[in-house]
>>> print(open('input_23.cif').read())   # mmCIF, C-alpha atoms and all ligand atoms
data_model
loop_
_atom_site.group_PDB
_atom_site.id
_atom_site.type_symbol
_atom_site.label_atom_id
_atom_site.label_comp_id
_atom_site.auth_asym_id
_atom_site.auth_seq_id
_atom_site.Cartn_x
_atom_site.Cartn_y
_atom_site.Cartn_z
ATOM 1 C CA MET A 32 70.170 164.149 -58.511
ATOM 2 C CA LYS A 33 73.952 164.208 -58.149
ATOM 3 C CA ILE A 34 76.053 162.612 -55.420
ATOM 4 C CA ARG A 35 79.604 163.739 -54.771
ATOM 5 C CA LEU A 36 81.700 161.279 -52.743
ATOM 6 C CA LEU A 37 83.694 163.850 -50.747
ATOM 7 C CA GLY A 38 85.678 161.154 -48.927
ATOM 8 C CA THR A 39 85.689 157.341 -48.955
ATOM 9 C CA GLY A 40 88.293 156.419 -46.326
ATOM 10 C CA THR A 41 87.951 154.900 -42.882
ATOM 11 C CA SER A 42 88.609 156.914 -39.717
ATOM 12 C CA GLN A 43 92.380 157.372 -40.241
ATOM 13 C CA GLY A 44 92.116 158.075 -43.977
ATOM 14 C CA ILE A 45 94.546 156.662 -46.572
ATOM 15 C CA PRO A 46 97.513 157.007 -46.444
ATOM 16 C CA ILE A 47 97.756 156.422 -42.697
ATOM 17 C CA ILE A 48 100.471 158.489 -41.045
ATOM 18 C CA GLY A 49 103.650 156.375 -40.859
ATOM 19 C CA CYS A 50 102.288 153.356 -42.796
ATOM 20 C CA HIS A 51 104.463 151.943 -45.583
ATOM 21 C CA CYS A 52 102.040 149.331 -46.949
ATOM 22 C CA PRO A 53 101.426 149.112 -50.745
ATOM 23 C CA VAL A 54 98.079 150.965 -50.450
ATOM 24 C CA CYS A 55 99.379 153.820 -48.294
ATOM 25 C CA THR A 56 102.375 154.284 -50.634
ATOM 26 C CA SER A 57 100.382 153.832 -53.867
ATOM 27 C CA ASN A 58 100.841 156.508 -56.556
ATOM 28 C CA ASP A 59 97.324 155.812 -57.862
ATOM 29 C CA VAL A 60 95.164 158.748 -56.687
ATOM 30 C CA ARG A 61 92.220 156.318 -56.503
ATOM 31 C CA ASP A 62 93.967 154.823 -53.444
ATOM 32 C CA HIS A 63 94.034 158.181 -51.613
ATOM 33 C CA ARG A 64 91.010 158.508 -49.339
ATOM 34 C CA LEU A 65 89.869 161.318 -47.070
ATOM 35 C CA ARG A 66 87.392 160.608 -44.273
ATOM 36 C CA THR A 67 83.914 159.500 -45.370
ATOM 37 C CA SER A 68 81.384 162.142 -46.372
ATOM 38 C CA ALA A 69 79.048 162.836 -49.302
ATOM 39 C CA LEU A 70 77.218 165.772 -50.833
ATOM 40 C CA VAL A 71 73.765 165.198 -52.329
ATOM 41 C CA ASN A 72 72.461 167.720 -54.855
ATOM 42 C CA VAL A 73 68.727 167.153 -55.190
ATOM 43 C CA ASP A 74 65.940 169.445 -56.421
ATOM 44 C CA GLY A 75 68.198 172.483 -56.080
ATOM 45 C CA LEU A 76 69.289 171.662 -52.514
ATOM 46 C CA ASN A 77 72.831 170.785 -51.401
ATOM 47 C CA ILE A 78 72.526 168.275 -48.559
ATOM 48 C CA LEU A 79 75.789 167.261 -46.880
ATOM 49 C CA ILE A 80 76.088 163.919 -45.089
ATOM 50 C CA ASP A 81 78.550 164.189 -42.144
ATOM 51 C CA THR A 82 81.315 166.740 -41.512
ATOM 52 C CA GLY A 83 84.550 164.793 -40.977
ATOM 53 C CA PRO A 84 87.986 166.257 -40.181
ATOM 54 C CA ASP A 85 88.746 166.796 -43.909
ATOM 55 C CA LEU A 86 85.671 168.946 -44.574
ATOM 56 C CA ARG A 87 87.506 172.168 -45.406
ATOM 57 C CA TYR A 88 89.577 170.568 -48.151
ATOM 58 C CA GLN A 89 86.583 168.555 -49.390
ATOM 59 C CA LEU A 90 84.476 171.708 -49.839
ATOM 60 C CA LEU A 91 87.369 173.489 -51.588
ATOM 61 C CA ARG A 92 88.166 170.595 -53.900
ATOM 62 C CA SER A 93 84.511 170.085 -54.882
ATOM 63 C CA GLY A 94 83.909 173.836 -55.338
ATOM 64 C CA THR A 95 81.039 173.765 -52.814
ATOM 65 C CA THR A 96 79.916 177.221 -51.698
ATOM 66 C CA ARG A 97 76.355 176.469 -50.607
ATOM 67 C CA LEU A 98 74.907 173.979 -48.104
ATOM 68 C CA ASP A 99 71.198 173.741 -47.267
ATOM 69 C CA ALA A 100 71.398 171.078 -44.533
ATOM 70 C CA VAL A 101 73.672 168.519 -42.905
ATOM 71 C CA LEU A 102 72.499 164.977 -42.116
ATOM 72 C CA PHE A 103 74.562 163.232 -39.449
ATOM 73 C CA THR A 104 74.947 159.469 -39.374
ATOM 74 C CA HIS A 105 76.492 159.419 -35.872
ATOM 75 C CA GLU A 106 78.764 161.314 -33.498
ATOM 76 C CA HIS A 107 82.183 159.699 -34.083
ATOM 77 C CA LYS A 108 84.876 162.301 -34.782
ATOM 78 C CA ASP A 109 85.641 161.033 -38.294
ATOM 79 C CA HIS A 110 82.038 162.141 -39.091
ATOM 80 C CA THR A 111 81.780 165.385 -37.091
ATOM 81 C CA ALA A 112 85.198 166.967 -36.400
ATOM 82 C CA GLY A 113 85.137 169.352 -39.396
ATOM 83 C CA LEU A 114 81.835 171.041 -38.545
ATOM 84 C CA ASP A 115 83.507 174.374 -37.709
ATOM 85 C CA ASP A 116 84.580 174.635 -41.367
ATOM 86 C CA VAL A 117 81.020 175.522 -42.448
ATOM 87 C CA ARG A 118 81.680 179.096 -41.236
ATOM 88 C CA PRO A 119 82.440 180.450 -44.742
ATOM 89 C CA ILE A 120 79.161 178.865 -45.929
ATOM 90 C CA ASN A 121 77.292 180.696 -43.132
ATOM 91 C CA PHE A 122 79.009 183.877 -44.269
ATOM 92 C CA LEU A 123 78.208 183.382 -47.962
ATOM 93 C CA MET A 124 74.585 182.338 -47.354
ATOM 94 C CA LYS A 125 73.929 184.769 -44.493
ATOM 95 C CA GLN A 126 71.801 182.209 -42.686
ATOM 96 C CA PRO A 127 72.155 179.467 -40.054
ATOM 97 C CA LEU A 128 72.862 175.922 -41.193
ATOM 98 C CA ASN A 129 70.363 173.244 -40.167
ATOM 99 C CA LEU A 130 71.820 170.016 -38.761
ATOM 100 C CA TYR A 131 69.762 166.812 -38.488
ATOM 101 C CA GLY A 132 70.478 163.675 -36.485
ATOM 102 C CA LEU A 133 69.379 161.443 -33.640
ATOM 103 C CA PRO A 134 68.874 163.351 -30.340
ATOM 104 C CA ARG A 135 71.988 161.671 -28.862
ATOM 105 C CA VAL A 136 74.061 162.831 -31.849
ATOM 106 C CA MET A 137 72.713 166.416 -31.711
ATOM 107 C CA ARG A 138 73.530 166.643 -27.966
ATOM 108 C CA SER A 139 77.050 165.374 -28.683
ATOM 109 C CA ILE A 140 77.546 168.093 -31.338
ATOM 110 C CA GLU A 141 76.201 170.758 -28.959
ATOM 111 C CA ARG A 142 78.801 169.623 -26.387
ATOM 112 C CA ASP A 143 81.730 169.349 -28.809
ATOM 113 C CA PHE A 144 81.024 172.734 -30.429
ATOM 114 C CA SER A 145 79.592 174.401 -27.310
ATOM 115 C CA TYR A 146 80.935 177.844 -28.328
ATOM 116 C CA ALA A 147 78.617 177.744 -31.364
ATOM 117 C CA PHE A 148 75.579 177.129 -29.152
ATOM 118 C CA ALA A 149 76.328 179.680 -26.411
ATOM 119 C CA GLU A 150 73.408 181.904 -25.445
ATOM 120 C CA GLU A 151 75.314 184.988 -26.501
ATOM 121 C CA HIS A 152 76.639 184.317 -30.004
ATOM 122 C CA TYR A 153 80.402 184.607 -30.209
ATOM 123 C CA PRO A 154 81.287 186.650 -33.323
ATOM 124 C CA GLY A 155 82.776 184.409 -36.007
ATOM 125 C CA ALA A 156 81.501 181.142 -34.523
ATOM 126 C CA PRO A 157 79.496 178.918 -36.864
ATOM 127 C CA ILE A 158 75.734 179.538 -36.838
ATOM 128 C CA LEU A 159 74.042 176.178 -36.460
ATOM 129 C CA ASN A 160 70.547 174.866 -35.667
ATOM 130 C CA THR A 161 70.310 171.334 -34.331
ATOM 131 C CA ASN A 162 67.185 169.384 -35.327
ATOM 132 C CA ASP A 163 66.420 166.124 -33.508
ATOM 133 C CA ILE A 164 65.041 163.396 -35.724
ATOM 134 C CA GLU A 165 63.644 159.953 -35.057
ATOM 135 C CA PRO A 166 63.984 157.103 -37.550
ATOM 136 C CA GLU A 167 60.867 158.342 -39.360
ATOM 137 C CA PRO A 168 60.634 160.082 -42.764
ATOM 138 C CA PHE A 169 60.923 163.886 -42.652
ATOM 139 C CA LYS A 170 61.343 166.700 -45.138
ATOM 140 C CA ILE A 171 64.042 169.229 -45.944
ATOM 141 C CA GLY A 172 62.247 171.739 -48.166
ATOM 142 C CA LYS A 173 60.274 169.475 -50.496
ATOM 143 C CA VAL A 174 62.777 166.613 -50.355
ATOM 144 C CA GLU A 175 61.752 163.545 -48.368
ATOM 145 C CA ILE A 176 64.522 161.995 -46.252
ATOM 146 C CA ILE A 177 64.033 158.411 -45.057
ATOM 147 C CA PRO A 178 66.324 157.453 -42.153
ATOM 148 C CA ILE A 179 67.549 153.850 -42.125
ATOM 149 C CA LYS A 180 68.313 152.105 -38.826
ATOM 150 C CA LEU A 181 71.896 150.818 -38.716
ATOM 151 C CA MET A 182 73.860 149.195 -35.891
ATOM 152 C CA HIS A 183 77.506 150.215 -35.451
ATOM 153 C CA SER A 184 78.974 148.362 -32.515
ATOM 154 C CA SER A 185 81.502 150.588 -30.859
ATOM 155 C CA GLN A 186 83.292 148.105 -28.640
ATOM 156 C CA ARG A 187 84.050 144.480 -29.210
ATOM 157 C CA MET A 188 80.796 142.681 -28.514
ATOM 158 C CA ALA A 189 79.958 145.183 -25.788
ATOM 159 C CA LYS A 190 78.240 148.529 -26.273
ATOM 160 C CA GLN A 191 76.360 148.684 -29.565
ATOM 161 C CA LEU A 192 75.646 152.033 -31.144
ATOM 162 C CA PRO A 193 72.389 152.621 -33.081
ATOM 163 C CA ILE A 194 73.099 155.049 -35.947
ATOM 164 C CA LEU A 195 71.342 156.208 -39.132
ATOM 165 C CA GLY A 196 71.736 155.855 -42.874
ATOM 166 C CA TYR A 197 69.577 157.865 -45.256
ATOM 167 C CA ARG A 198 67.478 157.253 -48.354
ATOM 168 C CA ILE A 199 66.718 160.185 -50.677
ATOM 169 C CA LYS A 200 64.536 159.222 -53.672
ATOM 170 C CA ASN A 201 66.251 156.243 -55.382
ATOM 171 C CA PHE A 202 69.600 156.764 -53.633
ATOM 172 C CA ALA A 203 70.659 155.417 -50.226
ATOM 173 C CA TYR A 204 73.731 156.105 -48.119
ATOM 174 C CA ILE A 205 74.928 153.651 -45.486
ATOM 175 C CA THR A 206 78.179 154.069 -43.597
ATOM 176 C CA ASP A 207 79.676 152.643 -40.387
ATOM 177 C CA ALA A 208 77.071 149.882 -40.428
ATOM 178 C CA ARG A 209 77.680 146.476 -38.917
ATOM 179 C CA GLY A 210 73.989 145.560 -39.171
ATOM 180 C CA ILE A 211 71.060 147.029 -41.161
ATOM 181 C CA SER A 212 68.859 147.011 -38.082
ATOM 182 C CA TRP A 213 68.793 148.277 -34.516
ATOM 183 C CA ASN A 214 68.780 144.721 -33.223
ATOM 184 C CA GLU A 215 71.750 143.575 -31.167
ATOM 185 C CA ILE A 216 74.563 141.858 -33.045
ATOM 186 C CA PRO A 217 74.947 138.550 -31.223
ATOM 187 C CA ASP A 218 78.334 137.490 -32.630
ATOM 188 C CA ILE A 219 81.086 138.513 -35.036
ATOM 189 C CA ALA A 220 79.715 136.505 -37.979
ATOM 190 C CA THR A 221 76.090 137.683 -37.848
ATOM 191 C CA VAL A 222 74.737 140.626 -39.848
ATOM 192 C CA PRO A 223 71.240 141.566 -38.630
ATOM 193 C CA PHE A 224 69.050 142.892 -41.463
ATOM 194 C CA SER A 225 65.516 143.881 -40.377
ATOM 195 C CA PRO A 226 62.638 143.355 -42.836
ATOM 196 C CA SER A 227 61.521 146.960 -42.104
ATOM 197 C CA GLU A 228 64.896 148.378 -43.196
ATOM 198 C CA LYS A 229 65.071 146.002 -46.186
ATOM 199 C CA ALA A 230 61.715 147.393 -47.335
ATOM 200 C CA LYS A 231 63.115 150.947 -47.199
ATOM 201 C CA LEU A 232 65.970 149.898 -49.523
ATOM 202 C CA LYS A 233 63.811 148.473 -52.331
ATOM 203 C CA GLY A 234 64.127 149.748 -55.910
ATOM 204 C CA LEU A 235 67.341 151.738 -55.479
ATOM 205 C CA ASP A 236 69.264 153.068 -58.444
ATOM 206 C CA THR A 237 72.413 153.749 -56.414
ATOM 207 C CA LEU A 238 73.546 152.517 -53.017
ATOM 208 C CA VAL A 239 76.647 153.820 -51.243
ATOM 209 C CA ILE A 240 77.623 151.384 -48.473
ATOM 210 C CA ASN A 241 80.594 150.789 -46.195
ATOM 211 C CA ALA A 242 83.094 147.928 -46.655
ATOM 212 C CA LEU A 243 86.141 148.166 -44.385
ATOM 213 C CA ARG A 244 88.327 145.195 -45.316
ATOM 214 C CA ARG A 245 88.065 141.514 -46.184
ATOM 215 C CA GLU A 246 88.196 140.118 -42.638
ATOM 216 C CA GLU A 247 85.270 140.465 -40.247
ATOM 217 C CA HIS A 248 85.369 143.441 -37.891
ATOM 218 C CA TYR A 249 83.393 144.149 -34.705
ATOM 219 C CA SER A 250 82.040 147.532 -35.792
ATOM 220 C CA HIS A 251 82.069 147.658 -39.606
ATOM 221 C CA LEU A 252 80.817 145.401 -42.395
ATOM 222 C CA SER A 253 83.497 143.362 -44.149
ATOM 223 C CA LEU A 254 83.641 143.121 -47.954
ATOM 224 C CA PRO A 255 81.903 139.700 -48.113
ATOM 225 C CA GLN A 256 79.172 140.922 -45.711
ATOM 226 C CA THR A 257 78.643 144.102 -47.754
ATOM 227 C CA LEU A 258 78.447 142.142 -51.013
ATOM 228 C CA SER A 259 75.852 139.843 -49.471
ATOM 229 C CA ILE A 260 73.744 142.853 -48.427
ATOM 230 C CA ILE A 261 74.029 144.350 -51.929
ATOM 231 C CA GLU A 262 72.920 140.969 -53.297
ATOM 232 C CA GLN A 263 69.842 141.077 -51.048
ATOM 233 C CA ILE A 264 68.944 144.710 -51.811
ATOM 234 C CA GLN A 265 69.621 144.507 -55.566
ATOM 235 C CA PRO A 266 70.330 148.182 -56.312
ATOM 236 C CA ARG A 267 71.161 148.924 -59.976
ATOM 237 C CA ARG A 268 74.687 149.732 -58.800
ATOM 238 C CA ALA A 269 76.618 150.162 -55.555
ATOM 239 C CA TYR A 270 79.698 152.146 -54.500
ATOM 240 C CA LEU A 271 81.788 151.109 -51.501
ATOM 241 C CA THR A 272 82.999 153.625 -48.918
ATOM 242 C CA HIS A 273 84.680 153.894 -45.455
ATOM 243 C CA ILE A 274 87.516 151.795 -46.890
ATOM 244 C CA SER A 275 90.640 150.796 -44.943
ATOM 245 C CA HIS A 276 94.152 150.242 -46.337
ATOM 246 C CA HIS A 277 93.639 146.538 -45.525
ATOM 247 C CA LEU A 278 91.118 146.194 -48.393
ATOM 248 C CA GLY A 279 93.860 146.425 -51.016
ATOM 249 C CA LEU A 280 94.778 148.432 -54.104
ATOM 250 C CA TYR A 281 91.959 150.007 -56.127
ATOM 251 C CA GLU A 282 92.994 148.304 -59.336
ATOM 252 C CA GLU A 283 93.270 144.842 -57.750
ATOM 253 C CA VAL A 284 90.031 144.967 -55.721
ATOM 254 C CA MET A 285 87.994 146.276 -58.677
ATOM 255 C CA LYS A 286 88.828 143.107 -60.664
ATOM 256 C CA GLU A 287 87.140 140.958 -57.998
ATOM 257 C CA LEU A 288 83.914 142.925 -57.588
ATOM 258 C CA PRO A 289 80.605 142.117 -59.290
ATOM 259 C CA GLN A 290 79.965 144.186 -62.455
ATOM 260 C CA ASN A 291 77.608 146.628 -60.730
ATOM 261 C CA VAL A 292 79.761 147.194 -57.616
ATOM 262 C CA PHE A 293 82.553 149.789 -57.577
ATOM 263 C CA LEU A 294 85.049 151.076 -55.053
ATOM 264 C CA GLY A 295 84.167 154.698 -54.374
ATOM 265 C CA ILE A 296 86.749 157.268 -55.482
ATOM 266 C CA ASP A 297 87.318 160.524 -53.610
ATOM 267 C CA ASN A 298 85.612 163.530 -55.226
ATOM 268 C CA GLN A 299 83.772 161.247 -57.695
ATOM 269 C CA LEU A 300 80.485 162.673 -59.024
ATOM 270 C CA ILE A 301 77.661 160.169 -59.475
ATOM 271 C CA ASP A 302 74.713 161.164 -61.659
ATOM 272 C CA ILE A 303 71.381 159.581 -60.757
ATOM 273 C CA ASP A 304 68.269 159.679 -62.914
ATOM 274 C CA ASP A 305 65.591 160.225 -60.253
ATOM 275 C CA ASP A 306 62.524 160.923 -62.456
HETATM 276 ZN ZN ZN B 1 83.490 156.250 -39.389
HETATM 277 ZN ZN ZN B 2 98.802 151.314 -45.001
HETATM 278 ZN ZN ZN B 3 81.838 155.351 -36.517
#
>>> encode(input="input_23.cif", output="structure tokens")
Amino acid sequence: MKIRLLGTGTSQGIPIIGCHCPVCTSNDVRDHRLRTSALVNVDGLNILIDTGPDLRYQLLRSGTTRLDAVLFTHEHKDHTAGLDDVRPINFLMKQPLNLYGLPRVMRSIERDFSYAFAEEHYPGAPILNTNDIEPEPFKIGKVEIIPIKLMHSSQRMAKQLPILGYRIKNFAYITDARGISWNEIPDIATVPFSPSEKAKLKGLDTLVINALRREEHYSHLSLPQTLSIIEQIQPRRAYLTHISHHLGLYEEVMKELPQNVFLGIDNQLIDIDDD
């Protein structure tokens, strides 16, 4: 199995337009981050996770010309806005593209890209099939996908948004999490972690997980919170994603991380032995 980190940046990407901080002005390409997305190549299938606003460039830069399915984590624009850019893939593959996500997320995509779901197909519009999933294992071809319940609070201490991560064989992908659970997050310091979701994350070779910045945040895990979750899950190695310019320079942050934890790098290819 191979994982391509198509993008590892938070919602604004890095550099942020108009920001002159050391990270946004860094010449190190490892500090340049498009919006978070990943491509999983497993048993001959190309499974894309999320379609952010940078999708076109991400597919070009990774040389991707085939997609067998898209898994959506949630409906925020930094994870969905680029969906229209799968049109060339439709054209090359001459078949509709299957999208998977929570019913709420699928309805949001049908609204945002309503022209693609019109009864009479508009020529040139993307050809998409939405598939509602529940947080229960399902299959794409012969590949088992295990959804993981994550909580991503969307407003300070108010509305909390249940979203999904995904496990495929010995790899798991978690982004935009503030808790590994669908339980409410009672306060800014707490990170709910349900025993049921912990069980799904046992025996991982590789975990990709979000870490926004050092300070706590109402809707994303902070670096110390993420490291504590990695410590509890004990994957062989972990890569951090959905990174903000506040986290710091690649070279500096890497020096502080445990030996088996790495900052994700855009377009990085991760090889996983899944036998
Ligand atoms: Zn996001
Ligand atoms: Zn900046
Ligand atoms: Zn989000």
>>> atom_distance(input="input_23.cif", atom1="CA of Pro134 (chain A)", atom2="CA of Ile194 (chain A)")
10.9 Å
>>> residues_near_ligand(input="input_23.cif", ligand="ligand ZN 1 (chain B)", cutoff="8 Å", atoms="only C-alpha atoms and all ligand atoms", output="MDAnalysis selection string")
chainID A and resid 41:42 66:67 107:110 206:207 273
>>> atom_distance(input="input_23.cif", atom1="CA of Leu36 (chain A)", atom2="atom ZN of ligand ZN 3 (chain B)")
17.3 Å
>>> atom_distance(input="input_23.cif", atom1="CA of Ile274 (chain A)", atom2="CA of Ile171 (chain A)")
29.3 Å
>>> residues_near_ligand(input="input_23.cif", ligand="ligand ZN 3 (chain B)", cutoff="12 Å", atoms="all atoms listed in the file", output="NGL selection string")
:A and (40-43 or 66-68 or 81 or 83 or 103-111 or 136 or 181-186 or 191-196 or 205-209 or 241 or 243 or 249-252 or 273)
>>> closest_residue(input="input_23.cif", among="A:His152, A:Lys180, A:Lys190, A:Arg244", to="Ala230 (chain A)", atoms="all atoms listed in the file")
A:Lys180
>>> closest_residue(input="input_23.cif", among="A:Lys33, A:Lys200, A:Arg64, A:Arg118", to="ligand ZN 2 (chain B)", atoms="only C-alpha atoms and all ligand atoms")
A:Arg64
>>> residues_near_ligand(input="input_23.cif", ligand="ligand ZN 2 (chain B)", cutoff="9 Å", atoms="only C-alpha atoms and all ligand atoms", output="PyMOL selection string")
chain A and resi 45-56+275-277
>>> residues_near_point(input="input_23.cif", point="(66.4, 151.9, -48.8)", cutoff="10 Å", atoms="all atoms listed in the file", output="MDAnalysis selection string")
chainID A and resid 177:179 196:205 227:235 237:238 264 266
>>> closest_residue(input="input_23.cif", among="A:Met137, A:Pro166, A:His248, A:Gln263", to="Trp213 (chain A)", atoms="all atoms listed in the file")
A:Pro166
>>> closest_residue(input="input_23.cif", among="A:Ala69, A:Asn58, A:Thr272, A:Met32", to="Leu86 (chain A)", atoms="only C-alpha atoms")
A:Ala69
>>> residues_around(input="input_23.cif", residues="Asp116 (chain A)", least_positions_apart="6", cutoff="9 Å", atoms="all atoms listed in the file", output="mmCIF file with C-alpha atoms, in the coordinates of the input")
data_model
loop_
_atom_site.group_PDB
_atom_site.id
_atom_site.type_symbol
_atom_site.label_atom_id
_atom_site.label_comp_id
_atom_site.auth_asym_id
_atom_site.auth_seq_id
_atom_site.Cartn_x
_atom_site.Cartn_y
_atom_site.Cartn_z
ATOM 1 C CA THR A 82 81.315 166.740 -41.512
ATOM 2 C CA LEU A 86 85.671 168.946 -44.574
ATOM 3 C CA ARG A 87 87.506 172.168 -45.406
ATOM 4 C CA LEU A 90 84.476 171.708 -49.839
ATOM 5 C CA PRO A 157 79.496 178.918 -36.864
#
>>> resolve_selection(input="input_23.cif", expression="the PyMOL selection byres (((chain A and resi 222) around 6) and not hetatm)", output="list in words")
Gly210, Thr221 and Pro223 of chain A
